[in-house]
Amino acid sequence: MIKQFIYLIVLTGVMNVAMAQNKEEAAVTAAVENLRKAMIDGDKAGLQNIAADQLSYGHSSGKVEDKATFVDNIVTGKSDFVTIDLTNQTIAISGDAAIVRHTLAATTNDGGNPGSVKLNILLIWQKQKGQWKLLARQAVKIAS
């Protein structure tokens with residue numbers, strides 16, 4: 001009887017950790033989707049809300065932007081995403097940090113020049129005041 005009780009306590013603890021992890025993964029997934037939509041829509045308020053003040057946004061070209069530059073380039077259309085499709089997404093959470101990797105395929109219209117990109121993306125999210133904020137992003141071109 002005592003062994004069964006101990007087993008039940010351990011199992012309950014494991015399940016609580018798993019449920020908390022799943023809840024945080026769902027919140028990070030929602031944050032990624034909010035970022036995707038805000039980038040397509042050029043939503044200044046949405047981009048400012050989801051990006052951490054310390055944002056380091058790295059492009060596949062090697063260019064790195066801070067939060068203000070990232071938001072301005074999306075809002076003004078200098079960096080214009082018409083569509084963004086994300087696949088092969090993985091999420092790993094450690095405390096108040098989340099590492100997200102996915103493949104991004106997009107149609108673009110940067111500065112009025114139509115194009116397309118396919119990139120591997122690494123996103124680092126940090127939970128700040130109860131909300132997941134994008135702290136860093138790095139893109140890498142996928143070899144053809």
# chains A, B, ... in the order shown; residues from 1 in each chain; ligands from 1

call {"tool": "closest_atom_pairs", "arguments": {"of": "region 29-121 of chain A", "to": "region 136-144 of chain A", "cutoff": "6 Å", "atoms": "only C-alpha atoms", "output": "tab-separated table"}}
result
residue	atom	partner	partner_atom	distance
A:Leu55	CA	A:Ala136	CA	5.5
A:Ser56	CA	A:Ala136	CA	4.7
A:Tyr57	CA	A:Arg137	CA	4.8
A:Gly58	CA	A:Gln138	CA	4.4
A:His59	CA	A:Ala139	CA	5.2
A:Ser60	CA	A:Ala139	CA	4.7
A:Leu119	CA	A:Lys141	CA	4.7
A:Asn120	CA	A:Val140	CA	5.2
A:Ile121	CA	A:Ala139	CA	4.6

call {"tool": "residues_around", "arguments": {"residues": "Gly115 (chain A)", "least_positions_apart": "2", "cutoff": "12 Å", "atoms": "only C-alpha atoms", "output": "list in words"}}
result
Ser79, Asp80, Phe81, Val82, Thr83, Ala105, Ala106, Thr107, Thr108, Asn109, Asp110, Gly111, Gly112, Asn113, Val117 and Lys118 of chain A

call {"tool": "closest_residue", "arguments": {"among": "A:Ile40, A:Ala51, A:Leu104, A:Ala26", "to": "Gln126 (chain A)", "atoms": "only C-alpha atoms"}}
result
A:Ala51

call {"tool": "select_by_dssp", "arguments": {"residues": "chain A", "states": "strand (DSSP E)", "output": "PyMOL selection string"}}
result
chain A and resi 51-58+64-65+81-94+97-110+113-128+131-141

call {"tool": "select_by_dssp", "arguments": {"residues": "chain A", "states": "helix (DSSP H, G or I)", "output": "mmCIF file with C-alpha atoms, in the first residue's frame"}}
result
data_model
loop_
_atom_site.group_PDB
_atom_site.id
_atom_site.type_symbol
_atom_site.label_atom_id
_atom_site.label_comp_id
_atom_site.auth_asym_id
_atom_site.auth_seq_id
_atom_site.Cartn_x
_atom_site.Cartn_y
_atom_site.Cartn_z
ATOM 1 C CA ILE A 2 2.825 2.417 0.859
ATOM 2 C CA LYS A 3 4.638 1.620 -2.412
ATOM 3 C CA GLN A 4 1.465 2.401 -4.365
ATOM 4 C CA PHE A 5 1.032 5.674 -2.480
ATOM 5 C CA ILE A 6 4.636 6.718 -3.175
ATOM 6 C CA TYR A 7 4.226 5.734 -6.834
ATOM 7 C CA LEU A 8 1.062 7.864 -7.018
ATOM 8 C CA ILE A 9 2.830 10.864 -5.505
ATOM 9 C CA VAL A 10 5.783 10.555 -7.926
ATOM 10 C CA LEU A 11 3.451 10.094 -10.896
ATOM 11 C CA THR A 12 1.403 13.147 -9.882
ATOM 12 C CA GLY A 13 4.580 15.232 -9.640
ATOM 13 C CA VAL A 14 5.771 14.116 -13.072
ATOM 14 C CA MET A 15 2.365 14.853 -14.588
ATOM 15 C CA ASN A 16 2.285 18.345 -13.039
ATOM 16 C CA VAL A 17 5.703 19.158 -14.514
ATOM 17 C CA ALA A 18 4.628 17.827 -17.919
ATOM 18 C CA MET A 19 1.394 19.824 -17.865
ATOM 19 C CA ALA A 20 3.243 23.021 -16.901
ATOM 20 C CA GLN A 21 5.754 22.394 -19.711
ATOM 21 C CA ASN A 22 2.921 21.838 -22.203
ATOM 22 C CA LYS A 23 1.227 25.056 -21.041
ATOM 23 C CA GLU A 24 4.431 27.042 -21.579
ATOM 24 C CA GLU A 25 5.042 25.392 -24.965
ATOM 25 C CA ALA A 26 1.516 26.394 -25.995
ATOM 26 C CA ALA A 27 2.188 29.978 -24.873
ATOM 27 C CA VAL A 28 5.451 30.086 -26.858
ATOM 28 C CA THR A 29 3.688 28.609 -29.906
ATOM 29 C CA ALA A 30 1.077 31.378 -29.629
ATOM 30 C CA ALA A 31 3.819 34.015 -29.342
ATOM 31 C CA VAL A 32 5.509 32.681 -32.501
ATOM 32 C CA GLU A 33 2.173 32.839 -34.334
ATOM 33 C CA ASN A 34 1.560 36.405 -33.097
ATOM 34 C CA LEU A 35 5.000 37.370 -34.394
ATOM 35 C CA ARG A 36 4.294 35.733 -37.772
ATOM 36 C CA LYS A 37 0.991 37.599 -38.151
ATOM 37 C CA ALA A 38 2.444 40.928 -37.018
ATOM 38 C CA MET A 39 5.271 40.607 -39.546
ATOM 39 C CA ILE A 40 2.850 39.899 -42.403
ATOM 40 C CA ASP A 41 0.490 42.688 -41.353
ATOM 41 C CA LYS A 44 3.698 48.219 -35.396
ATOM 42 C CA ALA A 45 1.996 47.845 -32.004
ATOM 43 C CA GLY A 46 2.029 44.050 -32.270
ATOM 44 C CA LEU A 47 5.722 43.982 -33.198
ATOM 45 C CA GLN A 48 6.664 46.390 -30.415
ATOM 46 C CA ASN A 49 4.669 44.330 -27.906
ATOM 47 C CA ILE A 50 6.187 40.952 -28.841
ATOM 48 C CA LYS A 67 14.182 46.418 -31.828
ATOM 49 C CA ALA A 68 13.548 49.898 -33.258
ATOM 50 C CA THR A 69 15.178 49.076 -36.603
ATOM 51 C CA PHE A 70 13.433 45.696 -36.876
ATOM 52 C CA VAL A 71 10.009 47.233 -36.223
ATOM 53 C CA ASP A 72 10.628 50.198 -38.543
ATOM 54 C CA ASN A 73 11.836 48.012 -41.433
ATOM 55 C CA ILE A 74 8.730 45.792 -41.230
ATOM 56 C CA VAL A 75 6.275 48.682 -40.791
ATOM 57 C CA THR A 76 7.739 50.773 -43.654
#
